[in-house]
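Have a look at work-v3.cif below; it lists mmCIF, C-alpha atoms.
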```cif
data_model
#
loop_
_atom_site.label_atom_id
_atom_site.label_comp_id
_atom_site.auth_asym_id
_atom_site.auth_seq_id
_atom_site.Cartn_x
_atom_site.Cartn_y
_atom_site.Cartn_z
CA MET A 1 -175.62 32.04 176.07
CA LYS A 2 -175.38 32.61 172.32
CA HIS A 3 -172.06 32.26 170.54
CA LEU A 4 -170.99 34.15 167.44
CA PRO A 5 -168.11 34.31 164.97
CA LEU A 6 -165.57 36.92 166.07
CA GLY A 7 -165.39 39.17 163.03
CA THR A 8 -163.04 37.89 160.36
CA THR A 9 -161.18 35.54 162.72
CA ASP A 10 -161.52 31.78 163.03
CA LEU A 11 -162.75 32.15 166.62
CA THR A 12 -166.25 31.64 168.00
CA VAL A 13 -166.99 33.47 171.24
CA SER A 14 -169.84 34.00 173.68
CA GLU A 15 -171.93 37.14 173.26
CA PHE A 16 -170.56 38.34 176.61
CA CYS A 17 -166.89 38.61 177.55
CA LEU A 18 -165.73 38.26 181.17
CA GLY A 19 -163.63 41.19 182.36
CA THR A 20 -160.90 40.59 184.92
CA MET A 21 -159.42 43.95 185.86
CA THR A 22 -160.10 43.71 189.62
CA TRP A 23 -158.66 40.21 190.01
CA GLY A 24 -155.68 40.08 192.33
CA ASN A 25 -156.59 43.34 194.07
CA GLN A 26 -160.24 43.98 194.98
CA THR A 27 -161.09 40.41 193.92
CA PRO A 28 -159.05 37.67 195.63
CA GLN A 29 -157.87 34.72 193.57
CA ALA A 30 -160.39 32.25 194.98
CA ASP A 31 -163.32 34.47 194.01
CA ALA A 32 -161.82 35.14 190.57
CA HIS A 33 -161.64 31.39 189.99
CA ARG A 34 -165.28 31.07 191.05
CA GLN A 35 -166.11 33.72 188.46
CA ILE A 36 -164.39 31.76 185.69
CA ASP A 37 -166.26 28.60 186.67
CA LEU A 38 -169.58 30.46 186.92
CA ALA A 39 -169.06 32.12 183.55
CA LEU A 40 -168.21 28.82 181.87
CA ASP A 41 -171.29 27.21 183.43
CA HIS A 42 -173.37 29.93 181.71
CA GLY A 43 -171.64 29.53 178.35
CA VAL A 44 -169.18 32.44 178.58
CA ASN A 45 -165.91 31.32 176.98
CA PHE A 46 -164.27 34.71 176.40
CA LEU A 47 -161.90 36.37 178.94
CA ASP A 48 -160.29 39.81 178.69
CA SER A 49 -157.25 40.84 180.70
CA ALA A 50 -154.24 43.16 180.41
CA GLU A 51 -150.59 43.36 181.35
CA MET A 52 -151.29 46.36 183.62
CA TYR A 53 -154.16 44.76 185.59
CA PRO A 54 -155.34 44.83 188.36
CA VAL A 55 -156.60 48.40 188.55
CA ASN A 56 -157.94 50.65 191.30
CA PRO A 57 -155.17 51.51 191.73
CA VAL A 58 -152.85 50.67 188.85
CA SER A 59 -149.31 50.21 190.13
CA ALA A 60 -145.97 48.78 189.09
CA GLU A 61 -146.05 46.55 192.19
CA THR A 62 -149.26 44.75 191.17
CA MET A 63 -148.84 44.79 187.38
CA GLY A 64 -149.39 41.34 185.88
CA ARG A 65 -151.15 39.94 188.93
CA THR A 66 -154.47 39.47 187.08
CA GLU A 67 -152.87 37.40 184.33
CA ALA A 68 -151.18 35.32 187.05
CA VAL A 69 -154.59 34.66 188.65
CA ILE A 70 -155.85 33.32 185.31
CA GLY A 71 -152.67 31.28 184.97
CA ALA A 72 -153.24 29.78 188.41
CA TRP A 73 -156.74 28.66 187.34
CA LEU A 74 -155.25 26.96 184.28
CA ALA A 75 -152.47 25.38 186.36
CA ALA A 76 -155.03 23.99 188.81
CA GLY A 77 -156.65 21.98 186.03
CA GLY A 78 -158.74 24.54 184.18
CA SER A 79 -159.25 23.69 180.53
CA ARG A 80 -157.37 26.05 178.19
CA GLU A 81 -159.38 24.71 175.25
CA ARG A 82 -162.61 26.07 176.75
CA LEU A 83 -161.35 29.66 176.85
CA VAL A 84 -160.67 32.40 174.33
CA ILE A 85 -158.18 34.66 176.11
CA ALA A 86 -157.56 38.29 175.22
CA THR A 87 -154.97 40.50 176.88
CA LYS A 88 -153.11 43.76 176.19
CA VAL A 89 -149.76 45.51 176.14
CA THR A 90 -149.73 48.62 178.34
CA GLY A 91 -149.85 51.90 176.45
CA LYS A 92 -147.20 54.60 176.51
CA GLY A 93 -146.73 56.54 179.74
CA SER A 94 -148.61 54.29 182.16
CA GLU A 95 -147.51 54.21 185.80
CA ALA A 96 -148.09 50.45 185.66
CA ILE A 97 -144.55 50.19 184.29
CA ALA A 98 -141.82 51.52 186.57
CA GLY A 99 -140.63 54.83 185.11
CA GLY A 100 -143.61 55.01 182.73
CA ALA A 101 -144.42 52.55 179.95
CA PRO A 102 -142.30 53.12 176.83
CA GLU A 103 -143.75 53.63 173.37
CA ILE A 104 -145.01 50.40 171.85
CA GLY A 105 -142.63 49.25 169.15
CA ALA A 106 -141.42 45.85 167.96
CA ALA A 107 -139.23 45.09 170.98
CA ARG A 108 -141.79 46.32 173.50
CA LEU A 109 -144.57 44.30 171.86
CA ARG A 110 -142.53 41.10 171.89
CA ALA A 111 -141.40 41.50 175.49
CA ALA A 112 -144.96 42.17 176.65
CA VAL A 113 -146.35 39.14 174.78
CA GLU A 114 -143.70 36.87 176.28
CA GLY A 115 -144.36 38.24 179.77
CA SER A 116 -148.10 37.65 179.40
CA LEU A 117 -147.53 34.12 178.13
CA ARG A 118 -145.44 33.32 181.21
CA ARG A 119 -147.97 34.76 183.65
CA LEU A 120 -150.92 33.12 181.93
CA GLY A 121 -149.11 29.80 181.70
CA THR A 122 -150.22 29.25 178.13
CA ASP A 123 -148.50 28.77 174.78
CA VAL A 124 -150.66 31.20 172.82
CA ILE A 125 -152.79 34.32 173.35
CA ASP A 126 -155.94 34.34 171.24
CA ILE A 127 -156.43 38.12 170.96
CA TYR A 128 -153.52 40.49 171.68
CA GLN A 129 -154.41 44.17 171.94
CA LEU A 130 -152.64 47.52 172.18
CA HIS A 131 -154.17 49.04 175.32
CA TRP A 132 -154.09 52.53 173.78
CA PRO A 133 -152.23 54.14 170.89
CA ASN A 134 -148.81 55.75 171.20
CA ARG A 135 -150.15 59.01 169.81
CA SER A 136 -152.72 61.05 171.72
CA SER A 137 -156.38 59.99 171.71
CA TYR A 138 -159.70 61.26 173.05
CA HIS A 139 -160.49 58.31 175.34
CA PHE A 140 -160.56 58.27 179.16
CA ARG A 141 -162.30 61.69 179.23
CA GLN A 142 -159.48 63.27 177.22
CA ASN A 143 -162.09 64.35 174.64
CA TRP A 144 -162.67 67.59 176.57
CA ARG A 145 -159.12 68.77 175.86
CA TYR A 146 -158.22 66.65 172.84
CA ALA A 147 -155.59 68.06 170.46
CA PRO A 148 -154.93 65.72 167.52
CA PRO A 149 -151.40 65.37 166.16
CA GLY A 150 -150.61 67.53 163.16
CA ALA A 151 -149.99 66.43 159.59
CA ASP A 152 -146.23 66.54 160.20
CA ALA A 153 -146.63 63.55 162.56
CA ARG A 154 -148.37 61.34 160.01
CA ALA A 155 -145.28 59.67 158.53
CA ASP A 156 -143.83 58.79 161.93
CA VAL A 157 -147.17 57.48 163.21
CA ARG A 158 -147.66 55.26 160.18
CA ALA A 159 -144.05 54.02 160.35
CA ASN A 160 -144.61 52.97 163.97
CA MET A 161 -147.87 51.24 163.03
CA LEU A 162 -146.09 49.29 160.32
CA GLU A 163 -143.32 48.31 162.74
CA VAL A 164 -145.86 47.00 165.25
CA LEU A 165 -147.87 45.16 162.58
CA THR A 166 -144.72 43.55 161.21
CA GLU A 167 -143.74 42.27 164.66
CA ALA A 168 -147.32 41.11 165.28
CA GLY A 169 -147.03 39.13 162.04
CA ARG A 170 -143.89 37.43 163.34
CA LEU A 171 -145.60 36.61 166.64
CA VAL A 172 -148.54 35.07 164.75
CA THR A 173 -146.17 33.02 162.59
CA GLU A 174 -144.36 31.82 165.72
CA GLY A 175 -147.68 30.75 167.25
CA LYS A 176 -147.45 33.12 170.23
CA ILE A 177 -150.57 35.09 169.36
CA ARG A 178 -153.48 34.18 167.12
CA HIS A 179 -154.86 37.63 166.33
CA PHE A 180 -153.78 41.26 166.72
CA ALA A 181 -156.28 43.84 167.97
CA LEU A 182 -156.71 47.39 169.26
CA SER A 183 -158.21 49.23 172.19
CA ASN A 184 -159.08 52.89 172.82
CA GLU A 185 -158.59 53.69 169.14
CA THR A 186 -160.11 56.33 166.89
CA ALA A 187 -161.73 56.03 163.47
CA TRP A 188 -158.62 57.39 161.72
CA GLY A 189 -156.43 55.02 163.71
CA MET A 190 -158.49 51.92 163.01
CA ALA A 191 -158.78 52.76 159.31
CA SER A 192 -155.02 53.30 159.09
CA TRP A 193 -154.18 50.03 160.84
CA ILE A 194 -156.51 48.12 158.51
CA ALA A 195 -155.15 49.81 155.37
CA LEU A 196 -151.52 49.14 156.33
CA ALA A 197 -152.25 45.53 157.26
CA GLU A 198 -154.00 44.83 153.99
CA ALA A 199 -151.37 46.64 151.89
CA HIS A 200 -148.50 44.68 153.44
CA GLY A 201 -150.12 41.30 154.06
CA LEU A 202 -149.89 41.69 157.84
CA PRO A 203 -152.36 40.80 160.64
CA ARG A 204 -155.56 42.80 160.28
CA PRO A 205 -156.94 44.20 163.55
CA ALA A 206 -159.53 41.66 164.67
CA THR A 207 -161.46 43.64 167.29
CA LEU A 208 -161.67 47.09 168.85
CA GLN A 209 -162.09 47.43 172.61
CA ASN A 210 -163.48 50.87 173.50
CA GLU A 211 -165.63 52.19 176.31
CA TYR A 212 -169.33 51.92 175.51
CA SER A 213 -172.46 52.16 177.62
CA LEU A 214 -175.76 54.00 177.93
CA LEU A 215 -173.72 56.90 179.33
CA CYS A 216 -170.75 56.77 176.94
CA ARG A 217 -171.65 56.54 173.26
CA HIS A 218 -168.70 58.05 171.38
CA PHE A 219 -168.65 54.90 169.22
CA ASP A 220 -172.08 55.47 167.68
CA THR A 221 -171.11 57.44 164.56
CA ASP A 222 -167.86 57.22 162.58
CA LEU A 223 -166.44 54.25 164.46
CA ALA A 224 -169.73 52.38 164.20
CA GLU A 225 -169.75 52.83 160.42
CA LEU A 226 -166.11 51.81 160.06
CA CYS A 227 -166.37 48.71 162.26
CA ALA A 228 -169.66 47.58 160.72
CA LEU A 229 -168.34 47.85 157.17
CA GLU A 230 -164.97 46.28 158.05
CA ASP A 231 -166.46 43.49 160.22
CA VAL A 232 -164.55 44.53 163.34
CA PRO A 233 -166.55 43.70 166.51
CA LEU A 234 -166.66 46.19 169.36
CA LEU A 235 -165.59 44.77 172.71
CA ALA A 236 -167.48 47.20 174.92
CA PHE A 237 -165.74 47.89 178.20
CA SER A 238 -167.50 49.49 181.19
CA PRO A 239 -171.04 48.69 179.93
CA LEU A 240 -172.24 49.59 183.45
CA ALA A 241 -170.27 52.87 183.39
CA ALA A 242 -167.93 51.80 186.19
CA GLY A 243 -170.95 50.87 188.34
CA LEU A 244 -172.98 54.06 187.84
CA LEU A 245 -175.74 52.20 185.99
CA THR A 246 -176.17 49.72 188.85
CA GLY A 247 -177.62 52.54 190.96
CA LYS A 248 -175.20 51.92 193.84
CA TYR A 249 -173.82 55.47 193.60
CA ALA A 250 -177.22 57.14 193.23
CA GLY A 251 -177.47 60.14 195.53
CA ASP A 252 -173.71 60.65 195.15
CA VAL A 253 -172.87 58.03 197.78
CA ILE A 254 -169.58 56.12 198.04
CA PRO A 255 -170.18 52.56 199.32
CA GLU A 256 -167.36 51.02 201.31
CA GLY A 257 -165.23 48.64 199.23
CA SER A 258 -166.61 49.97 195.93
CA ARG A 259 -164.55 51.15 192.99
CA ARG A 260 -165.48 54.72 193.90
CA ALA A 261 -164.02 54.24 197.38
CA GLY A 262 -160.64 53.94 195.65
CA ARG A 263 -161.21 56.65 193.06
CA GLU A 264 -163.95 59.09 193.98
CA ASP A 265 -164.39 60.62 190.50
CA LEU A 266 -164.55 57.18 188.78
CA GLY A 267 -161.96 58.27 186.24
CA GLY A 268 -163.75 61.52 185.41
CA ARG A 269 -167.23 59.99 185.18
CA ILE A 270 -168.63 61.91 188.17
CA THR A 271 -169.92 65.23 186.84
CA PRO A 272 -172.76 67.64 187.73
CA ARG A 273 -174.90 66.00 185.00
CA VAL A 274 -174.25 62.32 185.48
CA PHE A 275 -176.65 61.51 188.31
CA GLU A 276 -179.59 63.04 186.45
CA ALA A 277 -178.86 60.78 183.49
CA VAL A 278 -178.38 57.76 185.77
CA ALA A 279 -181.72 58.51 187.44
CA GLY A 280 -183.36 58.53 184.03
CA TYR A 281 -182.07 55.06 183.12
CA LEU A 282 -182.88 53.66 186.56
CA GLY A 283 -186.39 55.06 186.14
CA LEU A 284 -186.80 53.34 182.77
CA ALA A 285 -185.71 50.02 184.28
CA ARG A 286 -188.22 50.49 187.09
CA ASP A 287 -191.02 51.43 184.68
CA TRP A 288 -190.41 48.30 182.60
CA ASP A 289 -189.91 46.08 185.67
CA LEU A 290 -186.31 45.23 184.79
CA ASP A 291 -183.06 44.97 186.72
CA PRO A 292 -181.12 48.11 185.63
CA VAL A 293 -177.89 46.09 185.46
CA GLN A 294 -179.39 43.56 183.07
CA MET A 295 -181.11 46.29 181.03
CA ALA A 296 -177.85 48.18 180.51
CA ILE A 297 -175.94 45.08 179.44
CA ALA A 298 -178.71 43.72 177.21
CA TRP A 299 -178.99 47.11 175.49
CA CYS A 300 -175.41 46.73 174.21
CA ARG A 301 -176.48 43.67 172.21
CA THR A 302 -179.28 45.63 170.46
CA ARG A 303 -176.91 47.87 168.53
CA PRO A 304 -176.76 47.83 164.70
CA PHE A 305 -173.11 46.72 164.82
CA THR A 306 -171.51 43.72 166.51
CA THR A 307 -171.06 44.56 170.19
CA ILE A 308 -169.77 42.19 172.85
CA PRO A 309 -170.11 43.72 176.32
CA ILE A 310 -167.30 43.00 178.76
CA ILE A 311 -169.06 42.20 182.02
CA GLY A 312 -166.69 42.74 184.92
CA ALA A 313 -167.50 42.01 188.55
CA THR A 314 -165.70 42.44 191.84
CA THR A 315 -167.47 39.38 193.26
CA ALA A 316 -169.03 36.20 191.93
CA GLU A 317 -172.35 37.39 193.37
CA GLN A 318 -172.22 40.51 191.20
CA LEU A 319 -171.43 38.39 188.16
CA ALA A 320 -174.43 36.18 188.91
CA ARG A 321 -176.62 39.29 188.71
CA GLU A 322 -175.21 40.23 185.30
CA LEU A 323 -175.33 36.91 183.47
CA PRO A 324 -179.15 36.68 183.07
CA ALA A 325 -178.94 39.69 180.74
CA ALA A 326 -178.06 37.19 178.01
CA GLU A 327 -181.65 35.92 178.12
CA LEU A 328 -183.23 39.39 178.12
CA THR A 329 -184.86 40.89 175.01
CA LEU A 330 -185.62 44.57 175.39
CA PRO A 331 -189.06 45.67 174.11
CA ALA A 332 -189.06 48.07 171.16
CA GLY A 333 -190.84 50.67 173.26
CA LEU A 334 -188.09 50.60 175.86
CA ILE A 335 -185.39 50.99 173.22
CA GLU A 336 -187.24 54.02 171.87
CA ALA A 337 -187.42 55.47 175.39
CA ILE A 338 -183.69 54.88 175.86
CA ASP A 339 -182.98 56.69 172.58
CA ALA A 340 -185.14 59.63 173.67
CA LEU A 341 -183.37 59.87 177.02
CA HIS A 342 -179.98 59.76 175.33
CA LYS A 343 -181.00 62.58 173.00
CA ALA A 344 -182.16 64.65 175.98
CA MET A 345 -179.03 63.98 178.06
CA PRO A 346 -176.11 63.06 175.79
CA MET A 347 -172.51 62.82 176.97
CA PRO A 348 -173.05 63.31 180.70
CA TYR A 349 -169.29 62.90 181.25
#
```
When written as structure tokens, how does the structure in this file appear?
Amino acid sequence: MKHLPLGTTDLTVSEFCLGTMTWGNQTPQADAHRQIDLALDHGVNFLDSAEMYPVNPVSAETMGRTEAVIGAWLAAGGSRERLVIATKVTGKGSEAIAGGAPEIGAARLRAAVEGSLRRLGTDVIDIYQLHWPNRSSYHFRQNWRYAPPGADARADVRANMLEVLTEAGRLVTEGKIRHFALSNETAWGMASWIALAEAHGLPRPATLQNEYSLLCRHFDTDLAELCALEDVPLLAFSPLAAGLLTGKYAGDVIPEGSRRAGREDLGGRITPRVFEAVAGYLGLARDWDLDPVQMAIAWCRTRPFTTIPIIGATTAEQLARELPAAELTLPAGLIEAIDALHKAMPMPY
């Protein structure tokens, strides 16, 4: 497993990040701990979690359980020094917080950091992310009905950003977080956070965690340019499109115990067009004698901007299937075929 500098930070991370969102729900603690051990054995030192995890479903009753599973691994003798840990504060309105998560401001940010530190059983969080912005955004399939805020909201939005950055600066100074970061952000949002941070000497966003896969390529234009020029790595979540690119849902089936068994539409990813696109990518993997899972993950590392795929797995056996993608180099002809298929069938959901 290759390791690389994480943008402008002082951290060095594996080229894959281990996702944890099913831990404590679909994935029992013992299997989650096996996944950490397996990942470390293969050179993966980067973990991503969130205050609101586990998911499928998200609930106030289970919120924080995933971080507690990681904390239990550390308490049982796991080496904190071997891990780079990222986690997130829940965005506004989530049902993960009883009554709906409040807007993220200074007090909310601090309380969430301290809660995560307790559950993780650590003194410091390496990468602390906003799960999504307070204002509206086009992520999670909201692009089909997206209405951006008007110019009259700009001053309030920027004032809130500055408040959050200022508190993040205090948390860095206190040694509770090492770096501040974002998730589910837009190009305008990322550019604004960076400009405010640099103007006021506050923590610059270190990474951006957005959805990215063969089936979801919103990042490829304006955000790609911004993050490449500003040296902000993309942490690509759902590189297997919530399991669609594994082929297990081909034919519109719903396997027992799968993510789709809990949410049939896979968060809006099931559309009249999606299975045709999936069939195309499965066909390319077959034609080139590749595992489609490994092809989809390896493709993320071919992009002309720094991309670290977050490889999540319900079981250690699934993770074992994903990890060999680190050793896979996709032929130029296959990449050209992938580009052609994307052009023929863009944005299937």
Report task. Given the file shown, determine the residues that the PyMOL selection byres ((chain A and resi 334-336) around 12) selects; report them as a ChimeraX atom specification. Result -> /A:214,281,283-290,295-296,298-303,329-333,337-343
Requested in this report: Can you work out the spacing between atom CA of A:Ala72 and atom CA of A:Gly121 in Å, to one decimal?
Outcome: 7.9 Å
Report task. Give me, please, the distance in Å between atom CA of A:Thr62 and atom CA of A:Asn160, quoted to one decimal. Result ->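 So the two atoms, atom CA of A:Thr62 and atom CA of A:Asn160, lie 28.8 Å apart.
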Report summary line: From atom CA of A:Tyr349 to atom CA of A:Arg273 the spacing works out at 7.4 Å
Requested in this report: Given the file shown, enumerate the residues that the PyMOL selection byres ((chain A and resi 123) around 12) captures and present them as a list in words.
Outcome: Gly71, Leu74, Arg80, Glu81, Ile85, Val113, Glu114, Gly115, Ser116, Leu117, Arg118, Arg119, Leu120, Gly121, Thr122, Val124, Ile125, Asp126, Leu171, Val172, Glu174, Gly175, Lys176, Ile177 and Arg178 of chain A
